[in-house]
>>> print(open('input_34.cif').read())   # mmCIF, C-alpha atoms
data_model
#
loop_
_atom_site.group_PDB
_atom_site.id
_atom_site.type_symbol
_atom_site.label_atom_id
_atom_site.label_comp_id
_atom_site.auth_asym_id
_atom_site.auth_seq_id
_atom_site.Cartn_x
_atom_site.Cartn_y
_atom_site.Cartn_z
ATOM 1 C CA MET Y 8 18.110 -15.301 -39.875
ATOM 2 C CA ASN Y 9 14.751 -13.573 -39.952
ATOM 3 C CA PRO Y 10 14.295 -10.067 -38.526
ATOM 4 C CA THR Y 11 12.407 -9.951 -35.249
ATOM 5 C CA ALA Y 12 8.735 -9.194 -35.817
ATOM 6 C CA ASP Y 13 7.848 -7.126 -32.751
ATOM 7 C CA PRO Y 14 9.048 -3.506 -33.016
ATOM 8 C CA ARG Y 15 9.554 -3.279 -29.229
ATOM 9 C CA LEU Y 16 11.914 -6.233 -29.351
ATOM 10 C CA ALA Y 17 13.777 -4.858 -32.360
ATOM 11 C CA ARG Y 18 14.214 -1.422 -30.766
ATOM 12 C CA ALA Y 19 15.530 -2.903 -27.519
ATOM 13 C CA LEU Y 20 18.021 -5.119 -29.324
ATOM 14 C CA ALA Y 21 19.229 -2.229 -31.466
ATOM 15 C CA ALA Y 22 19.576 0.064 -28.462
ATOM 16 C CA ALA Y 23 21.626 -2.631 -26.714
ATOM 17 C CA GLY Y 24 23.911 -2.887 -29.732
ATOM 18 C CA LEU Y 25 22.746 -6.401 -30.625
ATOM 19 C CA PRO Y 26 21.579 -7.875 -33.948
ATOM 20 C CA THR Y 27 17.873 -7.451 -34.555
ATOM 21 C CA THR Y 28 17.604 -10.907 -36.098
ATOM 22 C CA GLY Y 29 17.238 -14.278 -34.459
ATOM 23 C CA HIS Y 30 14.756 -16.684 -32.950
ATOM 24 C CA PHE Y 31 12.838 -15.504 -29.880
ATOM 25 C CA VAL Y 32 10.017 -17.110 -27.911
ATOM 26 C CA GLU Y 33 7.462 -14.591 -26.696
ATOM 27 C CA LYS Y 34 6.197 -14.842 -23.116
ATOM 28 C CA GLY Y 35 3.692 -12.725 -21.230
ATOM 29 C CA GLY Y 36 4.029 -11.724 -17.597
ATOM 30 C CA TRP Y 37 2.429 -9.763 -14.782
ATOM 31 C CA VAL Y 38 4.211 -6.442 -15.286
ATOM 32 C CA SER Y 39 6.324 -7.033 -18.383
ATOM 33 C CA HIS Y 40 6.540 -8.788 -21.714
ATOM 34 C CA ALA Y 41 9.525 -11.027 -22.456
ATOM 35 C CA TRP Y 42 11.241 -12.515 -25.472
ATOM 36 C CA ILE Y 43 13.514 -15.479 -24.801
ATOM 37 C CA GLY Y 44 16.342 -15.837 -27.297
ATOM 38 C CA ASP Y 45 19.150 -18.343 -27.594
ATOM 39 C CA ASP Y 46 21.572 -16.148 -25.664
ATOM 40 C CA VAL Y 47 19.625 -13.177 -24.308
ATOM 41 C CA VAL Y 48 16.328 -12.304 -22.646
ATOM 42 C CA VAL Y 49 14.593 -9.056 -23.596
ATOM 43 C CA ARG Y 50 11.874 -7.569 -21.422
ATOM 44 C CA ALA Y 51 9.572 -4.616 -21.997
ATOM 45 C CA SER Y 52 7.703 -3.035 -19.092
ATOM 46 C CA ASN Y 53 3.967 -2.386 -19.136
ATOM 47 C CA GLY Y 54 4.656 0.829 -17.214
ATOM 48 C CA ALA Y 55 3.076 -0.242 -13.921
ATOM 49 C CA ILE Y 56 6.307 -0.298 -11.922
ATOM 50 C CA ARG Y 57 8.360 2.904 -12.058
ATOM 51 C CA ASP Y 58 12.082 2.470 -12.765
ATOM 52 C CA ALA Y 59 11.942 -1.294 -12.210
ATOM 53 C CA TYR Y 60 14.763 -2.039 -14.669
ATOM 54 C CA ARG Y 61 16.950 0.784 -13.374
ATOM 55 C CA HIS Y 62 16.547 -0.553 -9.838
ATOM 56 C CA GLU Y 63 17.231 -4.089 -11.001
ATOM 57 C CA ALA Y 64 20.387 -2.915 -12.773
ATOM 58 C CA GLU Y 65 21.573 -1.284 -9.541
ATOM 59 C CA VAL Y 66 21.029 -4.534 -7.653
ATOM 60 C CA VAL Y 67 22.734 -6.659 -10.313
ATOM 61 C CA ASP Y 68 25.741 -4.343 -10.127
ATOM 62 C CA LEU Y 69 25.896 -5.104 -6.381
ATOM 63 C CA LEU Y 70 26.075 -8.815 -7.225
ATOM 64 C CA ALA Y 71 29.164 -8.407 -9.416
ATOM 65 C CA GLY Y 72 32.007 -10.533 -8.065
ATOM 66 C CA SER Y 73 29.732 -12.425 -5.657
ATOM 67 C CA ASP Y 74 28.836 -16.104 -5.714
ATOM 68 C CA VAL Y 75 25.155 -15.335 -6.267
ATOM 69 C CA PRO Y 76 23.968 -17.044 -9.474
ATOM 70 C CA HIS Y 77 22.305 -14.424 -11.638
ATOM 71 C CA ALA Y 78 21.971 -13.177 -15.199
ATOM 72 C CA ARG Y 79 24.439 -10.583 -16.423
ATOM 73 C CA ARG Y 80 22.851 -7.271 -17.382
ATOM 74 C CA ILE Y 81 23.642 -6.177 -20.935
ATOM 75 C CA ALA Y 82 21.678 -2.936 -21.185
ATOM 76 C CA HIS Y 83 18.500 -1.188 -20.155
ATOM 77 C CA GLY Y 84 16.772 2.017 -21.143
ATOM 78 C CA ASP Y 85 13.591 3.798 -22.098
ATOM 79 C CA GLU Y 86 11.700 4.206 -25.346
ATOM 80 C CA PRO Y 87 8.504 6.151 -26.088
ATOM 81 C CA ASP Y 88 6.521 2.927 -25.617
ATOM 82 C CA GLY Y 89 8.179 1.978 -22.322
ATOM 83 C CA ALA Y 90 11.239 0.760 -20.488
ATOM 84 C CA TRP Y 91 13.245 -2.240 -21.685
ATOM 85 C CA SER Y 92 15.984 -4.483 -20.391
ATOM 86 C CA VAL Y 93 18.341 -6.995 -22.006
ATOM 87 C CA SER Y 94 20.212 -9.631 -19.992
ATOM 88 C CA THR Y 95 22.007 -12.880 -20.653
ATOM 89 C CA ARG Y 96 19.926 -16.025 -20.791
ATOM 90 C CA LEU Y 97 20.517 -18.464 -17.953
ATOM 91 C CA PRO Y 98 20.607 -22.224 -18.554
ATOM 92 C CA GLY Y 99 17.476 -24.258 -17.878
ATOM 93 C CA ARG Y 100 13.957 -23.144 -17.058
ATOM 94 C CA THR Y 101 12.118 -21.733 -14.096
ATOM 95 C CA LEU Y 102 11.671 -23.767 -10.947
ATOM 96 C CA GLN Y 103 7.922 -23.307 -11.434
ATOM 97 C CA ASP Y 104 8.085 -24.984 -14.844
ATOM 98 C CA ALA Y 105 10.509 -27.738 -13.781
ATOM 99 C CA TRP Y 106 8.727 -28.683 -10.567
ATOM 100 C CA PRO Y 107 5.714 -30.756 -11.738
ATOM 101 C CA THR Y 108 7.779 -33.380 -13.563
ATOM 102 C CA ALA Y 109 10.827 -33.397 -11.275
ATOM 103 C CA SER Y 110 11.451 -36.415 -9.044
ATOM 104 C CA PRO Y 111 11.389 -35.987 -5.243
ATOM 105 C CA GLU Y 112 15.177 -36.280 -5.238
ATOM 106 C CA ALA Y 113 15.539 -33.583 -7.902
ATOM 107 C CA ARG Y 114 13.129 -31.307 -6.059
ATOM 108 C CA ARG Y 115 15.134 -31.603 -2.872
ATOM 109 C CA THR Y 116 18.405 -30.940 -4.695
ATOM 110 C CA MET Y 117 16.973 -27.817 -6.337
ATOM 111 C CA ILE Y 118 15.730 -26.422 -3.019
ATOM 112 C CA GLU Y 119 19.051 -27.140 -1.323
ATOM 113 C CA SER Y 120 20.776 -25.306 -4.159
ATOM 114 C CA LEU Y 121 18.349 -22.427 -3.639
ATOM 115 C CA GLY Y 122 19.330 -22.307 0.034
ATOM 116 C CA SER Y 123 22.983 -21.971 -0.921
ATOM 117 C CA ALA Y 124 22.163 -19.195 -3.396
ATOM 118 C CA LEU Y 125 20.178 -17.283 -0.778
ATOM 119 C CA ARG Y 126 22.984 -17.532 1.750
ATOM 120 C CA GLU Y 127 25.315 -15.912 -0.763
ATOM 121 C CA LEU Y 128 22.721 -13.245 -1.624
ATOM 122 C CA HIS Y 129 22.337 -12.251 2.010
ATOM 123 C CA ARG Y 130 26.107 -11.812 2.296
ATOM 124 C CA VAL Y 131 26.210 -9.136 -0.417
ATOM 125 C CA PRO Y 132 26.702 -5.644 1.056
ATOM 126 C CA ALA Y 133 23.814 -3.334 0.217
ATOM 127 C CA PRO Y 134 22.992 0.307 1.021
ATOM 128 C CA ALA Y 135 20.671 0.546 4.018
ATOM 129 C CA ASP Y 136 18.280 2.697 1.996
ATOM 130 C CA LEU Y 137 18.031 0.297 -0.961
ATOM 131 C CA MET Y 138 14.382 0.217 -2.054
ATOM 132 C CA PRO Y 139 12.511 0.023 -5.359
ATOM 133 C CA PRO Y 140 11.588 3.551 -6.507
ATOM 134 C CA TRP Y 141 7.910 2.667 -6.883
ATOM 135 C CA LEU Y 142 7.818 1.374 -3.312
ATOM 136 C CA ALA Y 143 9.490 4.523 -2.004
ATOM 137 C CA ASP Y 144 6.852 6.525 -3.875
ATOM 138 C CA ALA Y 145 4.064 4.404 -2.394
ATOM 139 C CA LEU Y 146 5.347 4.798 1.156
ATOM 140 C CA ALA Y 147 5.515 8.553 0.567
ATOM 141 C CA GLY Y 148 1.797 8.617 -0.197
ATOM 142 C CA GLY Y 149 1.712 7.664 -3.875
ATOM 143 C CA SER Y 150 -0.109 4.837 -5.584
ATOM 144 C CA TRP Y 151 0.541 1.145 -4.921
ATOM 145 C CA PRO Y 152 1.007 -0.559 -8.302
ATOM 146 C CA ALA Y 153 2.133 -3.957 -6.956
ATOM 147 C CA TYR Y 154 2.557 -6.214 -3.984
ATOM 148 C CA HIS Y 155 5.819 -5.673 -2.172
ATOM 149 C CA PRO Y 156 8.178 -7.273 0.330
ATOM 150 C CA PRO Y 157 7.519 -6.330 3.948
ATOM 151 C CA VAL Y 158 9.270 -3.168 5.150
ATOM 152 C CA VAL Y 159 9.455 -3.275 8.934
ATOM 153 C CA GLY Y 160 9.591 0.490 9.336
ATOM 154 C CA ALA Y 161 6.372 0.965 7.360
ATOM 155 C CA ALA Y 162 4.151 -1.169 9.608
ATOM 156 C CA GLU Y 163 2.570 1.627 11.642
ATOM 157 C CA GLN Y 164 1.901 3.646 8.485
ATOM 158 C CA LEU Y 165 0.129 0.669 6.914
ATOM 159 C CA VAL Y 166 -2.060 0.267 9.994
ATOM 160 C CA ASP Y 167 -3.205 3.877 9.626
ATOM 161 C CA GLU Y 168 -3.818 3.520 5.896
ATOM 162 C CA ALA Y 169 -5.782 0.300 6.338
ATOM 163 C CA ARG Y 170 -7.839 1.907 9.093
ATOM 164 C CA HIS Y 171 -8.667 4.809 6.811
ATOM 165 C CA ALA Y 172 -9.615 2.522 3.912
ATOM 166 C CA GLY Y 173 -11.287 -0.294 5.772
ATOM 167 C CA GLY Y 174 -13.407 1.192 8.558
ATOM 168 C CA ASP Y 175 -14.076 -0.893 11.712
ATOM 169 C CA ALA Y 176 -12.152 1.258 14.178
ATOM 170 C CA GLY Y 177 -12.210 -1.467 16.824
ATOM 171 C CA LEU Y 178 -10.460 -3.958 14.558
ATOM 172 C CA PHE Y 179 -7.670 -1.558 13.700
ATOM 173 C CA GLU Y 180 -7.148 -0.462 17.273
ATOM 174 C CA HIS Y 181 -6.501 -4.141 17.977
ATOM 175 C CA VAL Y 182 -4.183 -4.346 14.982
ATOM 176 C CA ALA Y 183 -2.254 -1.258 16.123
ATOM 177 C CA ARG Y 184 -1.666 -2.769 19.566
ATOM 178 C CA TRP Y 185 -0.660 -6.087 17.969
ATOM 179 C CA VAL Y 186 1.911 -4.358 15.732
ATOM 180 C CA ASP Y 187 3.292 -2.141 18.525
ATOM 181 C CA ALA Y 188 3.810 -5.167 20.769
ATOM 182 C CA ARG Y 189 5.970 -6.861 18.117
ATOM 183 C CA LEU Y 190 8.076 -3.953 16.875
ATOM 184 C CA PRO Y 191 10.735 -4.564 19.585
ATOM 185 C CA LEU Y 192 11.457 -7.934 17.912
ATOM 186 C CA PHE Y 193 13.198 -6.001 15.126
ATOM 187 C CA ALA Y 194 15.159 -3.455 17.172
ATOM 188 C CA ASP Y 195 18.581 -5.062 16.662
ATOM 189 C CA ASP Y 196 18.174 -6.314 13.095
ATOM 190 C CA ARG Y 197 20.970 -6.126 10.550
ATOM 191 C CA LEU Y 198 19.755 -5.188 7.087
ATOM 192 C CA VAL Y 199 20.891 -7.307 4.144
ATOM 193 C CA LEU Y 200 20.130 -7.581 0.444
ATOM 194 C CA VAL Y 201 16.780 -9.372 0.139
ATOM 195 C CA HIS Y 202 15.365 -10.453 -3.229
ATOM 196 C CA GLY Y 203 11.864 -9.621 -2.029
ATOM 197 C CA ASP Y 204 9.825 -11.645 -4.522
ATOM 198 C CA LEU Y 205 11.295 -15.117 -4.377
ATOM 199 C CA HIS Y 206 9.019 -17.893 -5.632
ATOM 200 C CA GLY Y 207 9.105 -20.542 -8.319
ATOM 201 C CA SER Y 208 8.916 -18.201 -11.309
ATOM 202 C CA ASN Y 209 11.929 -16.158 -10.183
ATOM 203 C CA VAL Y 210 14.385 -19.041 -9.838
ATOM 204 C CA MET Y 211 16.120 -20.684 -12.815
ATOM 205 C CA VAL Y 212 17.205 -24.317 -12.519
ATOM 206 C CA ASP Y 213 19.036 -26.818 -14.686
ATOM 207 C CA GLN Y 214 20.100 -30.405 -13.985
ATOM 208 C CA GLY Y 215 18.995 -30.199 -10.357
ATOM 209 C CA ARG Y 216 20.691 -26.951 -9.395
ATOM 210 C CA VAL Y 217 19.876 -23.262 -9.350
ATOM 211 C CA THR Y 218 21.468 -21.446 -12.276
ATOM 212 C CA GLY Y 219 20.213 -18.036 -11.283
ATOM 213 C CA LEU Y 220 17.877 -15.821 -9.296
ATOM 214 C CA ILE Y 221 15.973 -13.487 -11.612
ATOM 215 C CA ASP Y 222 13.779 -10.370 -11.421
ATOM 216 C CA PHE Y 223 15.360 -8.199 -8.740
ATOM 217 C CA ALA Y 224 12.862 -5.386 -9.302
ATOM 218 C CA GLU Y 225 11.608 -5.665 -5.701
ATOM 219 C CA ALA Y 226 14.988 -6.174 -4.010
ATOM 220 C CA VAL Y 227 15.303 -4.207 -0.793
ATOM 221 C CA ALA Y 228 17.520 -3.874 2.268
ATOM 222 C CA GLN Y 229 15.658 -5.639 5.091
ATOM 223 C CA PRO Y 230 16.271 -8.369 7.692
ATOM 224 C CA ALA Y 231 17.217 -11.652 6.003
ATOM 225 C CA ASP Y 232 14.137 -13.524 7.222
ATOM 226 C CA VAL Y 233 11.914 -11.170 5.197
ATOM 227 C CA GLU Y 234 12.954 -13.478 2.356
ATOM 228 C CA LEU Y 235 10.912 -16.248 3.943
ATOM 229 C CA ASP Y 236 7.665 -14.308 3.655
ATOM 230 C CA THR Y 237 7.156 -14.864 -0.074
ATOM 231 C CA ILE Y 238 8.824 -18.290 -0.169
ATOM 232 C CA LEU Y 239 6.596 -19.735 2.540
ATOM 233 C CA ARG Y 240 3.529 -17.995 1.134
ATOM 234 C CA TRP Y 241 4.304 -19.658 -2.213
ATOM 235 C CA CYS Y 242 4.566 -23.041 -0.490
ATOM 236 C CA ALA Y 243 1.301 -22.614 1.395
ATOM 237 C CA ARG Y 244 -0.766 -20.861 -1.290
ATOM 238 C CA PRO Y 245 0.835 -21.704 -4.652
ATOM 239 C CA LEU Y 246 -2.392 -21.107 -6.570
ATOM 240 C CA GLU Y 247 -1.835 -17.399 -5.835
ATOM 241 C CA PHE Y 248 1.489 -17.560 -7.714
ATOM 242 C CA PRO Y 249 0.770 -18.555 -11.333
ATOM 243 C CA ALA Y 250 3.627 -17.799 -13.705
ATOM 244 C CA THR Y 251 1.358 -15.681 -15.926
ATOM 245 C CA PRO Y 252 -1.985 -13.948 -15.348
ATOM 246 C CA ASP Y 253 -3.791 -16.697 -17.281
ATOM 247 C CA GLY Y 254 -1.766 -19.557 -15.753
ATOM 248 C CA ARG Y 255 -2.261 -21.831 -12.788
ATOM 249 C CA GLY Y 256 -0.126 -22.248 -9.679
ATOM 250 C CA LEU Y 257 1.434 -25.466 -8.443
ATOM 251 C CA ASP Y 258 -0.255 -28.135 -6.328
ATOM 252 C CA ALA Y 259 0.342 -27.245 -2.673
ATOM 253 C CA SER Y 260 0.747 -30.903 -1.726
ATOM 254 C CA THR Y 261 3.951 -31.057 -3.792
ATOM 255 C CA LEU Y 262 5.533 -28.207 -1.820
ATOM 256 C CA THR Y 263 5.018 -29.413 1.744
ATOM 257 C CA GLU Y 264 8.633 -30.490 2.205
ATOM 258 C CA VAL Y 265 10.197 -27.375 0.706
ATOM 259 C CA PRO Y 266 10.502 -25.407 3.990
ATOM 260 C CA GLY Y 267 12.282 -28.303 5.700
ATOM 261 C CA TRP Y 268 14.664 -28.800 2.787
ATOM 262 C CA LEU Y 269 15.408 -25.084 2.707
ATOM 263 C CA ARG Y 270 15.989 -25.023 6.446
ATOM 264 C CA GLY Y 271 18.438 -27.907 6.138
ATOM 265 C CA ALA Y 272 20.423 -26.073 3.464
ATOM 266 C CA TYR Y 273 20.328 -22.610 5.072
ATOM 267 C CA PRO Y 274 19.658 -23.093 8.798
ATOM 268 C CA GLU Y 275 20.777 -19.573 9.704
ATOM 269 C CA LEU Y 276 17.770 -18.152 7.872
ATOM 270 C CA PHE Y 277 15.476 -19.980 10.297
ATOM 271 C CA ALA Y 278 17.554 -19.372 13.420
ATOM 272 C CA ARG Y 279 16.158 -15.985 14.457
ATOM 273 C CA GLU Y 280 14.652 -15.857 17.934
ATOM 274 C CA HIS Y 281 10.853 -15.506 17.803
ATOM 275 C CA LEU Y 282 10.899 -16.412 14.091
ATOM 276 C CA ARG Y 283 7.249 -17.453 14.010
ATOM 277 C CA GLU Y 284 6.086 -14.111 15.419
ATOM 278 C CA ARG Y 285 8.394 -12.238 13.075
ATOM 279 C CA LEU Y 286 6.916 -14.085 10.105
ATOM 280 C CA ARG Y 287 3.399 -13.298 11.303
ATOM 281 C CA PHE Y 288 4.408 -9.638 11.537
ATOM 282 C CA PHE Y 289 5.613 -9.718 7.909
ATOM 283 C CA ASP Y 290 2.364 -11.419 6.907
ATOM 284 C CA MET Y 291 0.348 -8.735 8.683
ATOM 285 C CA GLU Y 292 2.173 -6.020 6.731
ATOM 286 C CA VAL Y 293 1.376 -7.661 3.411
ATOM 287 C CA GLU Y 294 -2.306 -8.081 4.264
ATOM 288 C CA LEU Y 295 -2.593 -4.506 5.543
ATOM 289 C CA ALA Y 296 -1.099 -3.176 2.313
ATOM 290 C CA ILE Y 297 -3.641 -5.178 0.308
ATOM 291 C CA LEU Y 298 -6.493 -4.096 2.552
ATOM 292 C CA ALA Y 299 -5.484 -0.442 2.268
ATOM 293 C CA HIS Y 300 -4.628 -0.247 -1.414
ATOM 294 C CA HIS Y 301 -5.887 -3.105 -3.575
ATOM 295 C CA PRO Y 302 -8.494 -1.909 -6.094
ATOM 296 C CA ASP Y 303 -10.619 -5.095 -5.955
ATOM 297 C CA PRO Y 304 -13.051 -5.114 -2.996
ATOM 298 C CA THR Y 305 -13.211 -8.925 -3.073
ATOM 299 C CA VAL Y 306 -9.447 -9.158 -2.620
ATOM 300 C CA ARG Y 307 -9.586 -6.565 0.160
ATOM 301 C CA GLU Y 308 -12.233 -8.613 1.958
ATOM 302 C CA VAL Y 309 -10.002 -11.694 1.794
ATOM 303 C CA ALA Y 310 -7.185 -9.635 3.305
ATOM 304 C CA ARG Y 311 -9.495 -8.457 6.106
ATOM 305 C CA GLY Y 312 -10.282 -12.059 6.974
ATOM 306 C CA ARG Y 313 -6.588 -12.911 7.038
ATOM 307 C CA VAL Y 314 -5.868 -9.944 9.321
ATOM 308 C CA THR Y 315 -8.516 -11.243 11.732
ATOM 309 C CA ARG Y 316 -6.976 -14.726 11.637
ATOM 310 C CA LEU Y 317 -3.551 -13.284 12.403
ATOM 311 C CA LEU Y 318 -4.962 -11.517 15.454
ATOM 312 C CA GLU Y 319 -6.327 -14.902 16.541
ATOM 313 C CA GLY Y 320 -2.903 -16.524 16.136
ATOM 314 C CA HIS Y 321 -3.458 -18.315 12.831
ATOM 315 C CA ASP Y 322 -1.994 -17.892 9.359
ATOM 316 C CA HIS Y 323 -0.806 -19.788 6.282
ATOM 317 C CA LEU Y 324 2.187 -21.115 8.233
ATOM 318 C CA ASP Y 325 -0.124 -23.410 10.200
ATOM 319 C CA GLY Y 326 -0.186 -25.942 7.379
ATOM 320 C CA LEU Y 327 3.569 -26.047 6.714
ATOM 321 C CA VAL Y 328 6.115 -28.464 8.150
ATOM 322 C CA TRP Y 329 9.412 -26.696 8.816
#
>>> encode(input="input_34.cif", output="structure tokens")
Amino acid sequence: MNPTADPRLARALAAAGLPTTGHFVEKGGWVSHAWIGDDVVVRASNGAIRDAYRHEAEVVDLLAGSDVPHARRIAHGDEPDGAWSVSTRLPGRTLQDAWPTASPEARRTMIESLGSALRELHRVPAPADLMPPWLADALAGGSWPAYHPPVVGAAEQLVDEARHAGGDAGLFEHVARWVDARLPLFADDRLVLVHGDLHGSNVMVDQGRVTGLIDFAEAVAQPADVELDTILRWCARPLEFPATPDGRGLDASTLTEVPGWLRGAYPELFAREHLRERLRFFDMEVELAILAHHPDPTVREVARGRVTRLLEGHDHLDGLVW
């Protein structure tokens, strides 16, 4: 077999104690580069997310012995040109790739399988302080290199940061009152292991079932319904979730039934009292983080408009049936 051409791939394979020969398909991503082999997947970080693979390895270790479908970690480490990770290859392809040509029956079966996988994930014991290192850094006043799952305890901080970055004192006084009025909804929450970035590109499927959840770099201990924030956002605004920076998201009209199918498979996830207000609270956190920290002023302006809509009682959930 031919030696692998990319030196980053070869170094990662050698460091993992694997042959540096074989056939690999190269694939770009948002924060990493990947090589898909017959049996393993190798990823190399672009350096934007600190300790992403170390955090992911910690989470995968928590999954050991559970019924959560996931890839087994083989090794991870650091080289002068960046961090790398090697894991087993799961059967099939991503839900994002499988979706366009799948029949309605197959789509429903895949989403029901996803519901079962999420139920098992949320049963896995996790430390209450589990959080990606980069996110902990960001909440401590560092830079914000990525979007992130909502963290209930950070809401008031994000209001202050958005106020500082976005002006319009009157708007943010309103936002602060809105957030304070909803914080009691979370007083008795139990924290569980939440994937934190669950959408079509982070779910592997084969023959109508989920073979694994992938990319746990944003996994965090939060209330279980935090998981719905990204899933429902993906359903409502799939064009914002292309698999690669130069790709295109799915057609929203093909995802309208996903929330209902997911609810049927995992009804407990939707059973929280005041769920709609809780989801709007999570949405507000995401938009405030973008408004406070995103480098593109056009994106920040979109977030400002969404914050205003949330204050008026509207959001992306309005168009979903669930």
>>> closest_atom_pairs(input="input_34.cif", of="stretch 26-143 of chain Y", to="stretch 268-275 of chain Y", cutoff="9 Å", atoms="only C-alpha atoms", output="Markdown table")
| residue | atom | partner | partner_atom | distance |
| --- | --- | --- | --- | --- |
| Y:Arg115 | CA | Y:Trp268 | CA | 6.3 |
| Y:Thr116 | CA | Y:Trp268 | CA | 8.6 |
| Y:Ile118 | CA | Y:Leu269 | CA | 5.9 |
| Y:Glu119 | CA | Y:Ala272 | CA | 5.1 |
| Y:Ser120 | CA | Y:Ala272 | CA | 7.7 |
| Y:Leu121 | CA | Y:Leu269 | CA | 7.5 |
| Y:Gly122 | CA | Y:Tyr273 | CA | 5.1 |
| Y:Ser123 | CA | Y:Ala272 | CA | 6.5 |
| Y:Leu125 | CA | Y:Tyr273 | CA | 7.9 |
| Y:Arg126 | CA | Y:Tyr273 | CA | 6.6 |
>>> residues_around(input="input_34.cif", residues="stretch 205-216 of chain Y", least_positions_apart="3", cutoff="8 Å", atoms="all atoms listed in the file", output="MDAnalysis selection string")
chainID Y and resid 97:105 113:114 116:117 120:121 202 219:222 234 237:238 241 248 250
>>> resolve_selection(input="input_34.cif", expression="the PyMOL selection byres ((chain Y and resi 323) around 7)", output="list of chain:residue names")
Y:Arg240, Y:Ala243, Y:Asp322, Y:Leu324, Y:Asp325, Y:Gly326
>>> resolve_selection(input="input_34.cif", expression="the PyMOL selection byres ((chain Y and resi 153) around 10)", output="PyMOL selection string")
chain Y and resi 37-38+55-56+141-142+145+150-152+154-155+225+296-297+300-301
>>> write_last_selection(input="input_34.cif", atoms="C-alpha atoms", output="mmCIF file, keeping the file's coordinate frame")
data_model
loop_
_atom_site.group_PDB
_atom_site.id
_atom_site.type_symbol
_atom_site.label_atom_id
_atom_site.label_comp_id
_atom_site.auth_asym_id
_atom_site.auth_seq_id
_atom_site.Cartn_x
_atom_site.Cartn_y
_atom_site.Cartn_z
ATOM 1 C CA TRP Y 37 2.429 -9.763 -14.782
ATOM 2 C CA VAL Y 38 4.211 -6.442 -15.286
ATOM 3 C CA ALA Y 55 3.076 -0.242 -13.921
ATOM 4 C CA ILE Y 56 6.307 -0.298 -11.922
ATOM 5 C CA TRP Y 141 7.910 2.667 -6.883
ATOM 6 C CA LEU Y 142 7.818 1.374 -3.312
ATOM 7 C CA ALA Y 145 4.064 4.404 -2.394
ATOM 8 C CA SER Y 150 -0.109 4.837 -5.584
ATOM 9 C CA TRP Y 151 0.541 1.145 -4.921
ATOM 10 C CA PRO Y 152 1.007 -0.559 -8.302
ATOM 11 C CA TYR Y 154 2.557 -6.214 -3.984
ATOM 12 C CA HIS Y 155 5.819 -5.673 -2.172
ATOM 13 C CA GLU Y 225 11.608 -5.665 -5.701
ATOM 14 C CA ALA Y 296 -1.099 -3.176 2.313
ATOM 15 C CA ILE Y 297 -3.641 -5.178 0.308
ATOM 16 C CA HIS Y 300 -4.628 -0.247 -1.414
ATOM 17 C CA HIS Y 301 -5.887 -3.105 -3.575
#
>>> resolve_selection(input="input_34.cif", expression="the PyMOL selection byres ((chain Y and resi 84) around 10)", output="list in words")
Ala19, Ala22, Ala23, Ala51, Asp58, Tyr60, Arg61, Ala82, His83, Asp85, Glu86, Gly89, Ala90, Trp91, Ser92 and Val93 of chain Y
>>> closest_residue(input="input_34.cif", among="Y:Pro302, Y:Leu200, Y:Asp167, Y:Pro156", to="Y:Glu65", atoms="all atoms listed in the file")
Y:Leu200
>>> closest_atom_pairs(input="input_34.cif", of="stretch 167-228 of chain Y", to="stretch 281-295 of chain Y", cutoff="10 Å", atoms="all atoms listed in the file", output="CSV")
residue,atom,partner,partner_atom,distance
Y:Asp167,CA,Y:Leu295,CA,9.3
Y:Glu168,CA,Y:Leu295,CA,8.1
Y:Ala169,CA,Y:Leu295,CA,5.8
Y:Arg170,CA,Y:Leu295,CA,9.0
Y:Gly173,CA,Y:Leu295,CA,9.7
Y:Val182,CA,Y:Met291,CA,8.9
Y:Trp185,CA,Y:Phe288,CA,8.9
Y:Val186,CA,Y:Phe288,CA,7.2
Y:Arg189,CA,Y:Phe288,CA,7.3
Y:Leu190,CA,Y:Phe288,CA,8.6
Y:Leu192,CA,Y:Arg285,CA,7.2
Y:Phe193,CA,Y:Arg285,CA,8.1
>>> atom_distance(input="input_34.cif", atom1="atom CA of Y:Leu178", atom2="atom CA of Y:Asp144")
27.4 Å
>>> atom_distance(input="input_34.cif", atom1="atom CA of Y:Ile43", atom2="atom CA of Y:Ala133")
29.7 Å
>>> closest_residue(input="input_34.cif", among="Y:Phe179, Y:Thr218, Y:Gly174, Y:His30", to="Y:Asp74", atoms="only C-alpha atoms")
Y:Thr218
>>> residues_around(input="input_34.cif", residues="Y:Leu137", least_positions_apart="3", cutoff="10 Å", atoms="all atoms listed in the file", output="count of residues only")
16
>>> atom_distance(input="input_34.cif", atom1="atom CA of Y:Asp303", atom2="atom CA of Y:Leu262")
28.5 Å
